[in-house]
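Structure file protein_34.cif (mmCIF, C-alpha atoms and all ligand atoms) follows.
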```
data_protein
loop_
_atom_site.label_atom_id
_atom_site.label_comp_id
_atom_site.auth_asym_id
_atom_site.auth_seq_id
_atom_site.Cartn_x
_atom_site.Cartn_y
_atom_site.Cartn_z
CA MET A 349 -28.71 21.98 8.60
CA THR A 350 -29.94 20.40 11.86
CA ILE A 351 -28.18 20.17 15.19
CA ALA A 352 -27.31 16.53 14.37
CA ASP A 353 -24.90 17.90 11.75
CA ILE A 354 -22.55 19.21 14.47
CA ALA A 355 -22.14 15.72 16.01
CA ARG A 356 -18.89 13.77 15.56
CA ALA A 357 -18.50 12.67 11.92
CA GLU A 358 -17.87 9.01 12.82
CA ILE A 359 -21.03 8.91 14.95
CA ARG A 360 -23.12 10.46 12.17
CA ALA A 361 -21.93 7.59 9.97
CA LEU A 362 -22.42 4.88 12.64
CA LYS A 363 -25.03 2.19 11.93
CA PRO A 364 -26.93 0.75 14.91
CA TYR A 365 -25.83 -2.73 16.10
CA ALA A 366 -27.70 -5.42 14.13
CA ALA A 367 -29.21 -7.61 16.87
CA ALA A 368 -30.83 -11.04 16.33
CA ILE A 369 -34.46 -10.48 15.36
CA GLN A 370 -37.10 -11.37 17.96
CA VAL A 371 -40.42 -12.72 16.69
CA ASP A 372 -43.16 -14.23 18.90
CA ASP A 373 -44.29 -17.84 18.28
CA THR A 374 -41.09 -18.88 16.55
CA ILE A 375 -38.35 -21.35 17.48
CA ARG A 376 -35.56 -18.96 18.36
CA LEU A 377 -32.22 -20.46 17.46
CA ASN A 378 -30.66 -17.19 16.34
CA ALA A 379 -29.32 -15.57 19.52
CA ASN A 380 -27.40 -18.30 21.40
CA GLU A 381 -29.86 -18.02 24.31
CA ALA A 382 -30.73 -20.83 26.70
CA PRO A 383 -33.99 -22.60 25.74
CA TRP A 384 -35.19 -22.83 29.40
CA ALA A 385 -36.01 -20.17 31.95
CA SER A 386 -34.77 -20.66 35.51
CA SER A 387 -37.45 -22.06 37.87
CA GLY A 388 -37.27 -18.85 39.97
CA ASP A 389 -37.91 -16.61 36.97
CA ARG A 390 -41.21 -14.76 37.49
CA PHE A 391 -40.94 -12.09 34.82
CA ARG A 392 -43.53 -11.59 32.06
CA ARG A 393 -40.70 -11.91 29.56
CA PRO A 394 -38.58 -14.85 30.73
CA LEU A 395 -34.99 -14.01 31.52
CA ASN A 396 -33.46 -16.74 29.33
CA ARG A 397 -34.35 -14.40 26.45
CA TYR A 398 -32.56 -11.15 25.78
CA PRO A 399 -34.70 -8.10 26.51
CA GLU A 400 -36.09 -6.16 23.55
CA ILE A 401 -33.13 -4.37 21.99
CA ARG A 402 -34.98 -1.14 22.87
CA PRO A 403 -38.06 -1.30 25.16
CA SER A 404 -40.80 -0.14 22.78
CA GLY A 405 -43.71 -0.28 25.27
CA LEU A 406 -41.77 1.67 27.87
CA ARG A 407 -40.66 4.18 25.26
CA GLY A 408 -44.28 4.84 24.31
CA ALA A 409 -45.39 5.11 27.96
CA LEU A 410 -42.60 7.58 28.77
CA ALA A 411 -43.30 9.61 25.63
CA ASP A 412 -46.97 9.87 26.75
CA ARG A 413 -45.94 10.94 30.20
CA TYR A 414 -43.45 13.54 29.02
CA GLY A 415 -45.59 14.88 26.15
CA CYS A 416 -43.57 14.01 23.06
CA ALA A 417 -43.65 11.50 20.19
CA ALA A 418 -41.98 8.13 20.82
CA GLU A 419 -39.48 8.86 17.99
CA ASN A 420 -38.25 11.86 19.96
CA LEU A 421 -37.34 9.82 23.06
CA LEU A 422 -34.67 7.30 23.99
CA VAL A 423 -35.02 5.35 27.25
CA THR A 424 -31.72 5.47 29.15
CA ARG A 425 -30.20 3.93 32.28
CA GLY A 426 -30.97 6.98 34.41
CA SER A 427 -30.35 10.43 33.00
CA SER A 428 -26.66 9.90 33.86
CA GLU A 429 -26.40 7.61 30.85
CA ALA A 430 -28.04 10.26 28.67
CA ILE A 431 -25.38 12.79 29.72
CA ASP A 432 -22.65 10.30 28.84
CA LEU A 433 -24.20 9.49 25.44
CA LEU A 434 -24.65 13.16 24.55
CA VAL A 435 -21.04 14.00 25.38
CA ARG A 436 -19.74 11.02 23.38
CA VAL A 437 -21.97 11.77 20.39
CA PHE A 438 -21.28 15.50 20.15
CA CYS A 439 -17.72 16.09 21.39
CA ASN A 440 -14.49 15.30 19.59
CA ALA A 441 -11.79 14.61 22.19
CA GLY A 442 -9.19 17.37 22.49
CA ARG A 443 -11.13 19.73 20.25
CA ASP A 444 -14.68 20.48 21.35
CA ASN A 445 -16.01 22.09 24.49
CA ILE A 446 -19.09 22.08 26.72
CA VAL A 447 -20.43 25.17 28.48
CA THR A 448 -22.31 25.02 31.77
CA SER A 449 -22.76 26.93 35.01
CA THR A 450 -21.11 26.36 38.37
CA PRO A 451 -22.19 25.20 40.90
CA THR A 452 -24.16 22.54 39.08
CA PHE A 453 -24.46 18.76 38.79
CA SER A 454 -20.94 17.30 38.74
CA MET A 455 -21.67 14.54 36.19
CA TYR A 456 -21.34 17.05 33.32
CA ARG A 457 -17.70 17.50 34.30
CA HIS A 458 -17.23 13.78 34.91
CA TYR A 459 -18.33 12.72 31.44
CA ALA A 460 -16.61 15.67 29.74
CA THR A 461 -13.34 14.55 31.35
CA ILE A 462 -13.83 10.93 30.26
CA GLN A 463 -14.43 12.07 26.68
CA GLY A 464 -11.51 14.56 26.68
CA ALA A 465 -13.82 17.53 26.09
CA GLU A 466 -13.08 20.87 27.73
CA LEU A 467 -15.71 22.01 30.28
CA ARG A 468 -16.22 25.76 30.58
CA GLU A 469 -18.03 26.80 33.74
CA VAL A 470 -19.73 30.15 34.24
CA GLU A 471 -20.00 31.10 37.89
CA LEU A 472 -23.47 31.67 39.34
CA ALA A 473 -23.72 34.41 41.98
CA ALA A 474 -24.93 33.33 45.43
CA SER A 475 -25.96 36.98 45.96
CA ASN A 476 -28.31 36.65 42.96
CA ASP A 477 -29.85 33.39 44.25
CA PHE A 478 -27.65 31.48 41.73
CA ALA A 479 -29.82 32.71 38.83
CA LEU A 480 -28.74 31.58 35.37
CA ASP A 481 -26.42 34.03 33.63
CA PRO A 482 -27.30 33.80 29.91
CA ASP A 483 -24.81 36.54 28.93
CA GLY A 484 -22.01 34.78 30.76
CA LEU A 485 -22.92 31.44 29.18
CA LEU A 486 -23.09 32.85 25.67
CA GLY A 487 -19.80 34.71 26.24
CA ALA A 488 -18.13 31.40 27.14
CA CYS A 489 -19.32 29.72 23.90
CA ASP A 490 -17.28 29.65 20.71
CA ASN A 491 -17.25 27.68 17.44
CA ALA A 492 -16.14 24.51 19.24
CA THR A 493 -19.03 24.58 21.79
CA ARG A 494 -21.06 21.50 21.00
CA LEU A 495 -23.19 21.29 24.15
CA VAL A 496 -24.59 23.72 26.71
CA PHE A 497 -25.85 22.01 29.88
CA LEU A 498 -28.55 23.87 31.84
CA CYS A 499 -29.93 22.21 34.95
CA SER A 500 -33.37 23.41 36.10
CA PRO A 501 -34.12 23.16 38.97
CA ASN A 502 -30.36 23.31 39.42
CA ASN A 503 -28.57 20.82 41.63
CA PRO A 504 -27.32 21.79 44.27
CA THR A 505 -28.86 25.28 44.43
CA GLY A 506 -32.53 24.43 43.72
CA THR A 507 -32.78 27.40 41.32
CA LEU A 508 -35.25 27.41 38.41
CA MET A 509 -34.26 28.84 35.07
CA SER A 510 -36.65 31.30 33.45
CA ARG A 511 -38.20 30.39 30.09
CA GLN A 512 -36.98 33.73 28.74
CA ASP A 513 -33.33 32.99 29.62
CA LEU A 514 -33.56 29.54 28.05
CA ILE A 515 -35.01 30.96 24.83
CA ARG A 516 -32.17 33.47 24.68
CA VAL A 517 -29.59 30.72 24.85
CA LEU A 518 -31.48 28.50 22.37
CA GLU A 519 -31.79 31.31 19.85
CA ALA A 520 -28.22 32.53 20.18
CA ARG A 521 -26.83 28.99 19.74
CA ARG A 522 -29.31 27.80 17.05
CA ASP A 523 -27.46 25.53 14.57
CA ARG A 524 -24.28 25.84 16.65
CA SER A 525 -24.76 24.02 19.99
CA ALA A 526 -27.22 21.53 21.40
CA VAL A 527 -28.76 23.06 24.52
CA VAL A 528 -29.48 20.32 27.06
CA VAL A 529 -32.00 21.10 29.81
CA ASP A 530 -31.64 18.65 32.68
CA GLU A 531 -35.06 18.46 34.36
CA ALA A 532 -34.27 15.77 36.92
CA TYR A 533 -36.25 17.71 39.60
CA ILE A 534 -38.91 19.48 37.51
CA GLU A 535 -41.82 17.61 39.15
CA PHE A 536 -41.07 19.44 42.41
CA ALA A 537 -41.26 22.89 40.73
CA GLN A 538 -44.24 25.12 39.99
CA GLN A 539 -43.21 25.22 36.36
CA ASP A 540 -43.92 23.09 33.30
CA SER A 541 -41.28 21.06 31.52
CA VAL A 542 -39.67 22.79 28.54
CA VAL A 543 -40.48 19.76 26.35
CA GLY A 544 -43.24 21.88 24.76
CA LEU A 545 -40.52 24.02 23.13
CA LEU A 546 -39.11 21.10 21.12
CA ASP A 547 -41.15 21.94 18.01
CA GLN A 548 -39.79 25.47 17.93
CA TYR A 549 -36.13 24.84 18.78
CA GLU A 550 -34.26 22.12 16.91
CA ASN A 551 -31.26 22.48 19.21
CA LEU A 552 -33.22 21.72 22.41
CA ILE A 553 -32.64 18.41 24.22
CA VAL A 554 -34.41 17.56 27.51
CA LEU A 555 -33.38 15.04 30.15
CA ARG A 556 -35.90 13.40 32.47
CA THR A 557 -35.45 10.77 35.16
CA LEU A 558 -37.56 8.35 37.19
CA SER A 559 -35.03 8.53 40.04
CA LYS A 560 -36.51 11.48 41.94
CA ALA A 561 -40.26 12.22 41.91
CA LEU A 562 -41.20 8.70 40.79
CA ALA A 563 -39.04 7.08 43.51
CA PHE A 564 -37.26 4.67 41.15
CA ALA A 565 -33.57 5.55 41.60
CA GLY A 566 -32.77 1.88 42.09
CA ALA A 567 -34.26 0.91 38.74
CA ARG A 568 -31.89 3.18 36.75
CA CYS A 569 -34.28 4.59 34.21
CA GLY A 570 -34.52 7.96 32.53
CA ALA A 571 -35.09 9.49 29.14
CA VAL A 572 -33.51 11.86 26.67
CA ILE A 573 -35.93 13.79 24.48
CA GLY A 574 -34.90 15.68 21.37
CA PRO A 575 -34.94 15.89 17.59
CA ARG A 576 -35.43 12.57 15.88
CA ASP A 577 -32.04 12.52 14.14
CA VAL A 578 -30.25 13.20 17.44
CA ILE A 579 -32.22 10.41 19.13
CA GLU A 580 -31.18 8.04 16.31
CA MET A 581 -27.50 8.83 16.89
CA LEU A 582 -27.80 8.36 20.66
CA ASP A 583 -29.59 5.07 19.99
CA ALA A 584 -26.74 3.88 17.75
CA VAL A 585 -24.21 4.58 20.53
CA GLN A 586 -26.19 3.15 23.47
CA ALA A 587 -25.33 -0.49 24.32
CA PRO A 588 -27.64 -3.05 22.73
CA TYR A 589 -30.19 -4.43 25.24
CA ALA A 590 -29.32 -1.56 27.62
CA LEU A 591 -32.53 -1.84 29.65
CA ALA A 592 -32.75 -5.17 31.47
CA THR A 593 -36.07 -7.05 31.52
CA PRO A 594 -36.61 -6.65 35.33
CA VAL A 595 -36.10 -2.89 34.99
CA VAL A 596 -38.46 -2.59 32.02
CA GLU A 597 -41.19 -4.55 33.79
CA CYS A 598 -40.93 -2.73 37.10
CA VAL A 599 -40.90 0.67 35.40
CA GLU A 600 -43.92 -0.25 33.27
CA ASN A 601 -45.68 -0.97 36.58
CA ALA A 602 -44.53 2.38 37.95
CA LEU A 603 -46.14 4.17 35.02
CA ARG A 604 -49.62 2.79 35.70
CA ALA A 605 -52.19 5.40 36.73
CA GLU A 606 -52.38 4.29 40.40
CA SER A 607 -48.59 4.37 40.87
CA LEU A 608 -48.41 7.78 39.22
CA SER A 609 -51.11 9.24 41.46
CA GLU A 610 -49.29 7.78 44.50
CA ALA A 611 -46.10 9.52 43.29
CA ASP A 612 -48.00 12.81 42.83
CA GLY A 613 -49.03 12.61 46.48
CA TRP A 614 -45.42 12.09 47.56
CA VAL A 615 -44.30 15.06 45.48
CA ARG A 616 -46.90 17.31 47.15
CA GLN A 617 -45.76 16.10 50.54
CA ILE A 618 -42.09 16.73 49.73
CA VAL A 619 -42.92 20.29 48.61
CA THR A 620 -44.85 20.95 51.85
CA GLU A 621 -42.04 19.45 53.93
CA ARG A 622 -39.41 21.43 52.01
CA GLU A 623 -41.12 24.69 52.95
CA ARG A 624 -41.54 23.55 56.58
CA LEU A 625 -37.82 22.74 56.83
CA ILE A 626 -36.77 25.96 55.09
CA ASP A 627 -38.87 28.03 57.53
CA ALA A 628 -37.63 26.18 60.62
CA ILE A 629 -33.96 26.02 59.64
CA GLY A 630 -33.95 29.65 58.49
CA THR A 631 -34.47 30.79 62.12
CA MET A 632 -31.56 28.75 63.60
CA SER A 633 -28.72 30.80 65.08
CA PHE A 634 -25.86 29.16 63.13
CA VAL A 635 -27.68 29.42 59.78
CA ARG A 636 -26.66 32.45 57.76
CA ARG A 637 -28.82 31.87 54.75
CA VAL A 638 -31.31 29.45 53.21
CA TRP A 639 -31.86 29.67 49.46
CA PRO A 640 -35.34 29.12 48.02
CA SER A 641 -35.64 25.84 46.15
CA ALA A 642 -37.85 24.30 43.48
CA ALA A 643 -36.47 20.79 44.04
CA ASN A 644 -36.55 18.03 46.70
CA PHE A 645 -33.51 19.56 48.41
CA PHE A 646 -32.29 23.01 49.41
CA LEU A 647 -28.99 24.70 50.11
CA ILE A 648 -28.07 26.48 53.33
CA GLU A 649 -25.07 28.59 54.36
CA VAL A 650 -23.89 28.13 57.93
CA ASP A 651 -21.15 29.31 60.30
CA ASN A 652 -19.18 26.06 60.08
CA ALA A 653 -20.36 23.63 57.41
CA GLU A 654 -17.83 20.86 58.02
CA GLN A 655 -18.54 20.83 61.74
CA LEU A 656 -22.29 20.76 61.11
CA LEU A 657 -21.88 17.84 58.74
CA GLN A 658 -19.77 15.96 61.27
CA GLU A 659 -22.24 16.52 64.11
CA CYS A 660 -25.17 15.40 61.98
CA ASN A 661 -23.13 12.42 60.86
CA ASN A 662 -22.50 11.51 64.52
CA ASP A 663 -26.27 11.49 64.97
CA LYS A 664 -26.68 9.31 61.88
CA VAL A 665 -28.16 12.02 59.69
CA LEU A 666 -26.28 12.40 56.41
CA LEU A 667 -26.16 15.74 54.58
CA ARG A 668 -24.13 16.72 51.51
CA TYR A 669 -21.06 18.96 51.44
CA PHE A 670 -19.36 20.22 48.26
CA GLY A 671 -16.53 22.54 49.40
CA GLY A 672 -14.92 24.97 46.91
CA ALA A 673 -17.16 27.95 46.23
CA LEU A 674 -19.77 26.31 48.49
CA ALA A 675 -17.34 25.87 51.40
CA ASP A 676 -19.85 27.28 53.92
CA CYS A 677 -22.82 25.48 52.42
CA VAL A 678 -24.66 22.22 53.01
CA ARG A 679 -27.29 20.62 50.78
CA ILE A 680 -30.20 18.99 52.57
CA THR A 681 -32.49 16.47 50.85
CA VAL A 682 -36.10 16.60 52.05
CA GLY A 683 -37.03 13.27 53.64
CA SER A 684 -40.22 11.84 55.12
CA PRO A 685 -41.96 13.90 57.85
CA SER A 686 -40.43 11.74 60.61
CA GLU A 687 -36.95 11.92 59.06
CA ASN A 688 -37.32 15.68 58.81
CA ASP A 689 -38.45 15.91 62.46
CA ARG A 690 -35.31 14.05 63.45
CA LEU A 691 -33.17 16.38 61.33
CA LEU A 692 -34.72 19.41 63.06
CA GLN A 693 -34.01 17.87 66.50
CA VAL A 694 -30.37 17.23 65.58
CA LEU A 695 -29.95 20.72 64.16
CA ALA A 696 -31.57 22.29 67.22
CA ALA A 697 -29.05 20.44 69.42
CA VAL A 698 -26.20 21.76 67.23
CA GLY A 699 -27.62 25.27 67.71
CA ARG A 700 -27.66 24.87 71.51
CA ALA A 701 -24.08 23.49 71.73
C1 LIG B 801 -29.39 17.29 38.00
C2 LIG B 801 -29.27 15.82 37.91
N1 LIG B 801 -29.30 15.25 36.71
C3 LIG B 801 -29.20 13.93 36.56
C4 LIG B 801 -29.03 13.12 37.66
C5 LIG B 801 -28.85 11.66 37.42
O1 LIG B 801 -29.89 10.96 37.85
P1 LIG B 801 -30.20 9.48 37.33
O2 LIG B 801 -29.00 8.98 36.59
O3 LIG B 801 -30.48 8.71 38.56
O4 LIG B 801 -31.37 9.66 36.43
C6 LIG B 801 -29.00 13.67 38.94
C7 LIG B 801 -28.81 12.82 40.13
O5 LIG B 801 -28.69 13.21 41.24
C8 LIG B 801 -29.11 15.07 39.07
O6 LIG B 801 -29.05 15.67 40.26
#
```

Whole structure given in C-alpha cells:
Amino acid sequence: MTIADIARAEIRALKPYAAAIQVDDTIRLNANEAPWASSGDRFRRPLNRYPEIRPSGLRGALADRYGCAAENLLVTRGSSEAIDLLVRVFCNAGRDNIVTSTPTFSMYRHYATIQGAELREVELAASNDFALDPDGLLGACDNATRLVFLCSPNNPTGTLMSRQDLIRVLEARRDRSAVVVDEAYIEFAQQDSVVGLLDQYENLIVLRTLSKALAFAGARCGAVIGPRDVIEMLDAVQAPYALATPVVECVENALRAESLSEADGWVRQIVTERERLIDAIGTMSFVRRVWPSAANFFLIEVDNAEQLLQECNNDKVLLRYFGGALADCVRITVGSPSENDRLLQVLAAVGRA
C-alpha cells in the first residue's frame, strides 16, 4: 500500500497523453507544426515547435535546488497548479474531504470547491500566534480525508509549523491521507524545507514556488515534490506541454548560480526590512498587535482595519484585507526599502489623524 492507492480509481488507471515524439536532427512532420519560426523569435528552442512535453532540464535543475531526485518532482505552472492537480487526483467529487487550518491560503478552498470536495477547516487561535493545532486537524480527519494541507510559513499569518507537529500528522495519517506542506515562503524562514523527510514518510508531498523568493511570479513556475507514483499520476493529469518555451528558458536562466545568489541577497534584505517594519509599526498608536512572521509579509491587528486600508489606498499604498475572523487585521507585504519608508510615512500620518 502506498499513498497513491487512495487516489481516484480512474486517475490511477489513466495513461499519460501520447504526444508526438521529438527527436533532434529529424524532419518533423508528425506534430502539425509550422516549419518556420517567426522572424522575431529569439528563443533557444524556436516557438514554431511545441515545447518539450515536460521540461526535463528544468525538472533536473529544480530537483537539484530542492534536494530531491528528478523522478520525485513535477514542474507546475506556479504552485497553484499543483494544488489543483492534487485535489483533482485525490478527491472524488461529493465523497472525499480535505482538512486544513483557517486562516490559511484561500486557494485550497477554491480548488476543493471546483472539484466538489468538502473542505474542513480547523481554526487557529490568534492568542496562540496561530500555531498549528495537530490535535484539531487529526480530529477533523476521517476515512474520506484524502488530503491535509499545511502551509508553512502560513499565509496570511506568517507562522511556521514545527517539525514535531508535522511528524505527528504524517504518522497519524500514514496510508490514509496525503499530507501536503505548502512551502511557498520557506526561503524567508530560519528553517529548512521538509523535503528531507520524503524518504521517511510516503504520504508527504511538498509544494515549492519560484514566485516569491526567486522573484518570478510572472513566469508561473513551481514544483510539487513527492513519491514517484504520486508524481506519475499528477503528470498524467497535467496538460500536455504545460510549460511554455519562454517560461522554461527564462526560469532556466533564473536558476543559474549568479541569479540565485542575487535572489539570496534579496531574501536577506526582505528579512531585515520585515523586522524593521514590525518594530516600527508595533509602536504605532492604532496598532493593537503585530504577529511575528517567517515570510515576506506579516499580519497586524488595528483599531479600524477597513479605514486603514482605505487611507493607505488613497495614498496609493495597497495592503491586503481578509475580513471574517481577521476583520481587524491587515496583511502587509514587505517591499523595497524605499517602498517600506513610504508605507511608514503613510501609516504615521494615519496615526496622527
Ligand atoms: C501559501 C501559498 N501557496 C501557493 C501560492 C501560489 O503561488 P504560485 O501559484 O504563484 O506559485 C501562494 C501565492 O500567494 C501562497 O501564498

9 Å shell around ligand LIG 801 (chain B) using only C-alpha atoms and all ligand atoms, listed as a PDB file with C-alpha atoms, keeping the file's coordinate frame:
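Okay, selection_25.pdb is ready:
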```pdb
ATOM      1  CA  THR A 424     -31.720   5.470  29.150  1.00  0.00           C
ATOM      2  CA  ARG A 425     -30.200   3.930  32.280  1.00  0.00           C
ATOM      3  CA  GLY A 426     -30.970   6.980  34.410  1.00  0.00           C
ATOM      4  CA  SER A 427     -30.350  10.430  33.000  1.00  0.00           C
ATOM      5  CA  SER A 428     -26.660   9.900  33.860  1.00  0.00           C
ATOM      6  CA  GLU A 429     -26.400   7.610  30.850  1.00  0.00           C
ATOM      7  CA  ALA A 430     -28.040  10.260  28.670  1.00  0.00           C
ATOM      8  CA  ILE A 431     -25.380  12.790  29.720  1.00  0.00           C
ATOM      9  CA  THR A 452     -24.160  22.540  39.080  1.00  0.00           C
ATOM     10  CA  PHE A 453     -24.460  18.760  38.790  1.00  0.00           C
ATOM     11  CA  SER A 454     -20.940  17.300  38.740  1.00  0.00           C
ATOM     12  CA  MET A 455     -21.670  14.540  36.190  1.00  0.00           C
ATOM     13  CA  TYR A 456     -21.340  17.050  33.320  1.00  0.00           C
ATOM     14  CA  CYS A 499     -29.930  22.210  34.950  1.00  0.00           C
ATOM     15  CA  SER A 500     -33.370  23.410  36.100  1.00  0.00           C
ATOM     16  CA  PRO A 501     -34.120  23.160  38.970  1.00  0.00           C
ATOM     17  CA  ASN A 502     -30.360  23.310  39.420  1.00  0.00           C
ATOM     18  CA  ASN A 503     -28.570  20.820  41.630  1.00  0.00           C
ATOM     19  CA  PRO A 504     -27.320  21.790  44.270  1.00  0.00           C
ATOM     20  CA  ASP A 530     -31.640  18.650  32.680  1.00  0.00           C
ATOM     21  CA  GLU A 531     -35.060  18.460  34.360  1.00  0.00           C
ATOM     22  CA  ALA A 532     -34.270  15.770  36.920  1.00  0.00           C
ATOM     23  CA  TYR A 533     -36.250  17.710  39.600  1.00  0.00           C
ATOM     24  CA  LEU A 555     -33.380  15.040  30.150  1.00  0.00           C
ATOM     25  CA  ARG A 556     -35.900  13.400  32.470  1.00  0.00           C
ATOM     26  CA  THR A 557     -35.450  10.770  35.160  1.00  0.00           C
ATOM     27  CA  LEU A 558     -37.560   8.350  37.190  1.00  0.00           C
ATOM     28  CA  SER A 559     -35.030   8.530  40.040  1.00  0.00           C
ATOM     29  CA  LYS A 560     -36.510  11.480  41.940  1.00  0.00           C
ATOM     30  CA  PHE A 564     -37.260   4.670  41.150  1.00  0.00           C
ATOM     31  CA  ALA A 565     -33.570   5.550  41.600  1.00  0.00           C
ATOM     32  CA  GLY A 566     -32.770   1.880  42.090  1.00  0.00           C
ATOM     33  CA  ALA A 567     -34.260   0.910  38.740  1.00  0.00           C
ATOM     34  CA  ARG A 568     -31.890   3.180  36.750  1.00  0.00           C
ATOM     35  CA  CYS A 569     -34.280   4.590  34.210  1.00  0.00           C
ATOM     36  CA  GLY A 570     -34.520   7.960  32.530  1.00  0.00           C
ATOM     37  CA  ALA A 571     -35.090   9.490  29.140  1.00  0.00           C
TER      38      ALA A 571
END
```

Q) Which one is closest to Val595 (chain A): A:Asp663, A:Glu400, A:Glu358, A:Glu649? Count only C-alpha atoms. A)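 Checking each candidate against Val595 (chain A), we get A:Glu400 as the closest.
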
Q. Taking all atoms listed in the file into account, which of A:Ala537, A:Glu687, A:Leu591, A:Ala382 comes nearest Leu406 (chain A)?
A.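 For Leu406 (chain A), the nearest of the given residues is A:Leu591.
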
Q: Select, from A:Arg494, A:Arg376, A:Arg390, A:Arg360, the residue with the minimum atom-to-atom distance to Glu597 (chain A), counting only C-alpha atoms.
A: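 Of A:Arg494, A:Arg376, A:Arg390, A:Arg360, the one nearest Glu597 (chain A), counting only C-alpha atoms, is A:Arg390.
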
Q: Just give me the gap between CA of Leu495 (chain A) and CA of Arg511 (chain A) in Å, one decimal is fine.
A: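 Rounded to one decimal, the two atoms are 18.5 Å apart.
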
**Q.** Nearest residue to Gly415 (chain A) from the set A:Cys660, A:Ala584, A:Val543, A:Val682 (distances using all atoms listed in the file)
**A.**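 Of A:Cys660, A:Ala584, A:Val543, A:Val682, the one nearest Gly415 (chain A), counting all atoms listed in the file, is A:Val543.
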
Q | Top pick for closest residue to Asp689 (chain A), considering A:Arg436, A:Arg637, A:Arg622, A:Arg668 and counting only C-alpha atoms | A | A:Arg622

Q. Using only C-alpha atoms, which of A:Leu695, A:Val585, A:Ala409, A:Leu377 sits nearest Asn601 (chain A)?
A. A:Ala409

Region 647-653 of chain A, all listed atoms, 3 Å padding on each side: what axis-aligned box centre and edge lengths in Å to one decimal come out, as lines of an AutoDock Vina configuration file?
```
center_x = -24.1
center_y = 26.5
center_z = 55.2
size_x = 15.8
size_y = 11.7
size_z = 16.2
```

(Q) Please return as a list in words every residue within 9 Å of (-25.3, 33.4, 32.7), taking into account all atoms listed in the file and the file's own coordinates. (A)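 Those residues, ordered by chain and then number, are Thr448, Ser449, Val470, Glu471, Leu472, Ala479, Leu480, Asp481, Pro482, Asp483, Gly484, Leu485, Leu486, Gly487 and Asp513 of chain A.
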
Q) What does the distance from CA of Ala352 (chain A) to CA of Leu582 (chain A) come to in Å, to one decimal? A)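 Between these atoms lies a distance of 10.3 Å.
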
Q. Counting all atoms listed in the file, what is within 10 Å of Asp444 (chain A), bar same-chain residues fewer than 6 positions away, as a list of chain:residue names?
A. A:Arg356, A:Val435, A:Phe438, A:Ala460, A:Gln463, A:Gly464, A:Ala465, A:Glu466, A:Leu467, A:Asp490, A:Asn491, A:Ala492, A:Thr493, A:Arg494, A:Leu495

Q) Distance CA of Cys416 (chain A)-CA of Ser404 (chain A), one decimal place? A)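 Result for CA of Cys416 (chain A) versus CA of Ser404 (chain A): 14.4 Å, one decimal.
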
Excluding Arg413 (chain A) and its own-chain neighbours fewer than 6 positions away, which residues fall within 10 Å of it when counting all atoms listed in the file? Please give them as an mmCIF file with C-alpha atoms, in the frame of the given file.
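What ended up in around.cif:
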```cif
data_model
loop_
_atom_site.group_PDB
_atom_site.id
_atom_site.type_symbol
_atom_site.label_atom_id
_atom_site.label_comp_id
_atom_site.auth_asym_id
_atom_site.auth_seq_id
_atom_site.Cartn_x
_atom_site.Cartn_y
_atom_site.Cartn_z
ATOM 1 C CA ARG A 407 -40.660 4.180 25.260
ATOM 2 C CA LEU A 603 -46.140 4.170 35.020
ATOM 3 C CA LEU A 608 -48.410 7.780 39.220
#
```

Q | Neighbour list for region 522-526 of chain A as an MDAnalysis selection string, cut-off 7 Å, only C-alpha atoms, skip fewer than 2 positions in-chain | A | chainID A and resid 350:351 493:496 518:520 528 551:553

Q: Excluding Phe670 (chain A) and residues on its chain fewer than 4 positions from it, collect all residues at most 12 Å away from it, counting only C-alpha atoms, and give them as number ranges by chain.
A: A: 450-454, 503-505, 647-649, 653-654, 657, 674-680

Could I get region 580-590 of chain A from the block written out with N, CA and C atoms, as an mmCIF file, in the first residue's frame?
```cif
data_model
loop_
_atom_site.group_PDB
_atom_site.id
_atom_site.type_symbol
_atom_site.label_atom_id
_atom_site.label_comp_id
_atom_site.auth_asym_id
_atom_site.auth_seq_id
_atom_site.Cartn_x
_atom_site.Cartn_y
_atom_site.Cartn_z
ATOM 1 N N GLU A 580 3.770 10.543 -10.897
ATOM 2 C CA GLU A 580 3.332 9.999 -12.197
ATOM 3 C C GLU A 580 1.843 10.267 -12.442
ATOM 4 N N MET A 581 1.053 10.175 -11.391
ATOM 5 C CA MET A 581 -0.391 10.450 -11.564
ATOM 6 C C MET A 581 -0.628 11.933 -11.854
ATOM 7 N N LEU A 582 0.080 12.793 -11.126
ATOM 8 C CA LEU A 582 -0.085 14.239 -11.354
ATOM 9 C C LEU A 582 0.339 14.578 -12.788
ATOM 10 N N ASP A 583 1.406 13.944 -13.237
ATOM 11 C CA ASP A 583 1.925 14.142 -14.587
ATOM 12 C C ASP A 583 0.868 13.742 -15.628
ATOM 13 N N ALA A 584 0.179 12.631 -15.366
ATOM 14 C CA ALA A 584 -0.835 12.162 -16.327
ATOM 15 C C ALA A 584 -2.008 13.140 -16.426
ATOM 16 N N VAL A 585 -2.270 13.869 -15.345
ATOM 17 C CA VAL A 585 -3.418 14.792 -15.326
ATOM 18 C C VAL A 585 -3.037 16.180 -15.861
ATOM 19 N N GLN A 586 -1.792 16.575 -15.645
ATOM 20 C CA GLN A 586 -1.368 17.920 -16.097
ATOM 21 C C GLN A 586 -1.479 18.018 -17.634
ATOM 22 N N ALA A 587 -1.851 19.196 -18.123
ATOM 23 C CA ALA A 587 -1.987 19.397 -19.575
ATOM 24 C C ALA A 587 -0.668 19.072 -20.279
ATOM 25 N N PRO A 588 -0.741 18.465 -21.457
ATOM 26 C CA PRO A 588 0.496 18.266 -22.222
ATOM 27 C C PRO A 588 1.125 19.632 -22.533
ATOM 28 N N TYR A 589 2.413 19.705 -22.635
ATOM 29 C CA TYR A 589 3.117 20.963 -22.974
ATOM 30 C C TYR A 589 2.752 22.105 -22.011
ATOM 31 N N ALA A 590 2.545 21.779 -20.734
ATOM 32 C CA ALA A 590 2.040 22.805 -19.802
ATOM 33 C C ALA A 590 2.987 24.003 -19.681
#
```
